[in-house]
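Q: One structure, pasted below without further comment.
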Amino acid sequence: MIENIIFKKIGFEDISEEFQKHAEKERISFLNKPEAHYFGAFDCEKLIGTICAVLNKNGKNGKLKSSYVLKEYRGNGIYTELNKMALGYAKEHNVKQLTLNCLPSSVSVHIKAGAVEWKKSKTIAYLKYDF
Ligand SMILES: CC(C)(COP(=O)(O)OP(=O)(O)OC[C@H]1O[C@@H](n2cnc3c(N)ncnc32)[C@H](O)[C@@H]1OP(=O)(O)O)[C@@H](O)C(=O)NCCC(=O)NCCS
């Protein structure tokens with residue numbers, strides 16, 4: 001199924017209200033600011049997944065946020081692919097560090113992609129990528 005999914009850079013305006021509603025139910029929000037760089041996964045024209053690299057004004061570091069894949073599409077590697085895209089973009093733009101807070105269930109994706117875990121609680125893991 002993932003071979004039919006299109007991955008691309010998108011803007012906040014490409015994130016439909018319907019998609020946001022689904023995400024908000026799982027406490028995922030979306031920032032409408034120029035420093036928020038979004039990537040989306042599409043099944044035909046339908047947005048099915050997002051990730052966002054929010055870069056600081058200095059452009060050297062930032063955070064990964066707004067990671068969300070619609071329930072019926074999960075477990076197919078879509079988030080793994082979106083994460084790769086966001087990391088590739090950050091590297092191309094000379095970002096030196098990206099941090100993120102994530103659920104323990106998503107840690108493995110980031111460790112495989114080169115992140116280091118620097119703090120952990122029962123419910124949240126704190127990870128960072130140094131480029
Ligand atoms: C976390 C999330 C983005 C993963 O999306 P996905 O496209 O299913 O992820 P992938 O298929 O690339 O799998 C990545 C990892 O997610 C986990 N995963 C896979 N299927 C899952 C599912 N149905 N539910 C939860 N986690 C799942 C696995 O640990 C997998 O790691 P692995 O490759 O070591 O097995 C998605 O489950 C989601 O939107 N969850 C709700 C919002 C959320 O938790 N956002 C992240 C905040 S930290």
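Please note that chains go A, B, ... in the order of the structure tokens, that every chain numbers its residues from 1, and that ligands are numbered from 1 in the order shown.
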Find the residues of chain A that sit at most 9 Å from ligand 1; for each, write down the nearest two atoms and how far apart they are in Å, to one decimal. Count only C-alpha atoms and all ligand atoms. Sort by chain, then by number going up, and give it as CSV.
A:
```
residue,atom,partner,partner_atom_place_in_ligand_line,distance
A:Ala23,CA,ligand 1,42 (C),6.9
A:Glu26,CA,ligand 1,42 (C),5.8
A:Arg27,CA,ligand 1,42 (C),7.4
A:Ile28,CA,ligand 1,42 (C),6.4
A:Gly49,CA,ligand 1,7 (O),7.4
A:Thr50,CA,ligand 1,3 (C),8.0
A:Ile51,CA,ligand 1,3 (C),8.3
A:Lys65,CA,ligand 1,47 (C),7.6
A:Ser66,CA,ligand 1,45 (N),7.1
A:Ser67,CA,ligand 1,45 (N),4.8
A:Tyr68,CA,ligand 1,39 (O),3.5
A:Val69,CA,ligand 1,39 (O),3.9
A:Leu70,CA,ligand 1,39 (O),6.1
A:Lys71,CA,ligand 1,39 (O),6.8
A:Glu72,CA,ligand 1,23 (N),8.2
A:Tyr73,CA,ligand 1,7 (O),6.5
A:Arg74,CA,ligand 1,8 (O),3.2
A:Gly75,CA,ligand 1,20 (N),3.4
A:Asn76,CA,ligand 1,11 (O),4.1
A:Gly77,CA,ligand 1,12 (O),3.2
A:Ile78,CA,ligand 1,7 (O),3.9
A:Tyr79,CA,ligand 1,7 (O),3.8
A:Thr80,CA,ligand 1,12 (O),3.8
A:Glu81,CA,ligand 1,12 (O),6.6
A:Leu82,CA,ligand 1,12 (O),8.1
A:Asn83,CA,ligand 1,12 (O),8.4
A:Leu100,CA,ligand 1,48 (S),7.9
A:Asn101,CA,ligand 1,48 (S),6.1
A:Cys102,CA,ligand 1,48 (S),3.2
A:Leu103,CA,ligand 1,48 (S),4.4
A:Pro104,CA,ligand 1,48 (S),7.7
A:Ser105,CA,ligand 1,29 (O),4.9
A:Ser106,CA,ligand 1,16 (O),4.9
A:Val107,CA,ligand 1,29 (O),7.2
A:Ser108,CA,ligand 1,34 (O),4.7
A:Val109,CA,ligand 1,31 (O),5.3
A:His110,CA,ligand 1,14 (C),8.8
A:Ile111,CA,ligand 1,34 (O),8.9
A:Lys112,CA,ligand 1,34 (O),7.9
A:Ile124,CA,ligand 1,48 (S),7.9
A:Ala125,CA,ligand 1,48 (S),8.3
```
Q: Using only C-alpha atoms, please write the residues we just selected to a file, as a CSV table (one decimal), in the first residue's frame.
A:
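out31.csv, freshly written:
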```csv
chain,number,residue,atom,x,y,z
A,23,ALA,CA,-5.6,14.6,15.0
A,26,GLU,CA,-5.4,12.4,19.9
A,27,ARG,CA,-4.1,15.7,21.2
A,28,ILE,CA,-2.1,16.5,18.1
A,49,GLY,CA,-0.4,11.8,7.5
A,50,THR,CA,1.7,14.7,8.6
A,51,ILE,CA,4.9,15.7,10.4
A,65,LYS,CA,5.8,18.1,15.9
A,66,SER,CA,2.3,17.4,14.5
A,67,SER,CA,3.1,13.7,13.8
A,68,TYR,CA,-0.1,12.1,12.9
A,69,VAL,CA,-1.3,9.2,10.6
A,70,LEU,CA,-5.0,8.5,10.2
A,71,LYS,CA,-5.9,5.3,12.1
A,72,GLU,CA,-6.8,3.2,9.1
A,73,TYR,CA,-3.4,3.8,7.5
A,74,ARG,CA,-1.2,3.0,10.6
A,75,GLY,CA,1.4,0.3,10.7
A,76,ASN,CA,2.4,0.7,7.0
A,77,GLY,CA,5.6,2.7,7.5
A,78,ILE,CA,4.0,6.0,6.6
A,79,TYR,CA,5.2,7.9,9.6
A,80,THR,CA,8.7,6.4,9.2
A,81,GLU,CA,8.8,7.8,5.7
A,82,LEU,CA,7.4,11.2,6.7
A,83,ASN,CA,10.1,11.4,9.4
A,100,LEU,CA,11.0,15.9,20.0
A,101,ASN,CA,8.8,14.6,22.7
A,102,CYS,CA,7.1,11.3,21.8
A,103,LEU,CA,5.2,8.4,23.1
A,104,PRO,CA,7.2,5.3,24.1
A,105,SER,CA,5.5,3.4,21.2
A,106,SER,CA,7.1,5.8,18.6
A,107,VAL,CA,10.6,5.8,20.0
A,108,SER,CA,11.9,2.9,17.8
A,109,VAL,CA,11.2,4.9,14.6
A,110,HIS,CA,13.5,7.7,15.8
A,111,ILE,CA,16.2,5.5,17.2
A,112,LYS,CA,16.4,3.7,13.9
A,124,ILE,CA,6.9,10.5,27.3
A,125,ALA,CA,10.3,10.1,25.8
```
Q: Give me, as a list in words, all polymer residues having an atom no more than 10 Å from Ala90 (chain A), counting only C-alpha atoms and skipping those fewer than 6 positions away in the same chain.
A: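 Skipping anything fewer than 6 positions along the chain leaves His37, Ala53, Val54, Leu55, Gly59, Lys60, Asn61, Gly62, Lys84, Lys96, Gln97, Leu98 and Phe131 of chain A.
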Q: Which one is closest to Lys46 (chain A): A:Ser16, A:Lys128, A:Lys33, A:Met1? Count only C-alpha atoms.
A: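 Of the candidates, the smallest distance to Lys46 (chain A) is held by A:Ser16.
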Q: Among region 55-96 of chain A, which residues carry a DSSP assignment of helix (DSSP H, G or I), reported as an mmCIF file with C-alpha atoms, in the first residue's frame?
A:
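So the final result, stored in result26.cif, reads:
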```cif
data_model
loop_
_atom_site.group_PDB
_atom_site.id
_atom_site.type_symbol
_atom_site.label_atom_id
_atom_site.label_comp_id
_atom_site.auth_asym_id
_atom_site.auth_seq_id
_atom_site.Cartn_x
_atom_site.Cartn_y
_atom_site.Cartn_z
ATOM 1 C CA LYS A 71 -5.916 5.323 12.146
ATOM 2 C CA GLU A 72 -6.833 3.169 9.141
ATOM 3 C CA TYR A 73 -3.408 3.804 7.541
ATOM 4 C CA ILE A 78 3.979 6.045 6.584
ATOM 5 C CA TYR A 79 5.244 7.866 9.648
ATOM 6 C CA THR A 80 8.715 6.370 9.171
ATOM 7 C CA GLU A 81 8.757 7.827 5.654
ATOM 8 C CA LEU A 82 7.422 11.234 6.743
ATOM 9 C CA ASN A 83 10.069 11.384 9.449
ATOM 10 C CA LYS A 84 12.821 10.628 6.889
ATOM 11 C CA MET A 85 11.536 13.480 4.735
ATOM 12 C CA ALA A 86 11.542 15.961 7.609
ATOM 13 C CA LEU A 87 15.071 14.915 8.607
ATOM 14 C CA GLY A 88 16.298 15.196 5.017
ATOM 15 C CA TYR A 89 14.835 18.699 4.770
ATOM 16 C CA ALA A 90 16.455 19.752 8.040
ATOM 17 C CA LYS A 91 19.862 18.463 6.927
ATOM 18 C CA GLU A 92 19.574 20.222 3.554
#
```
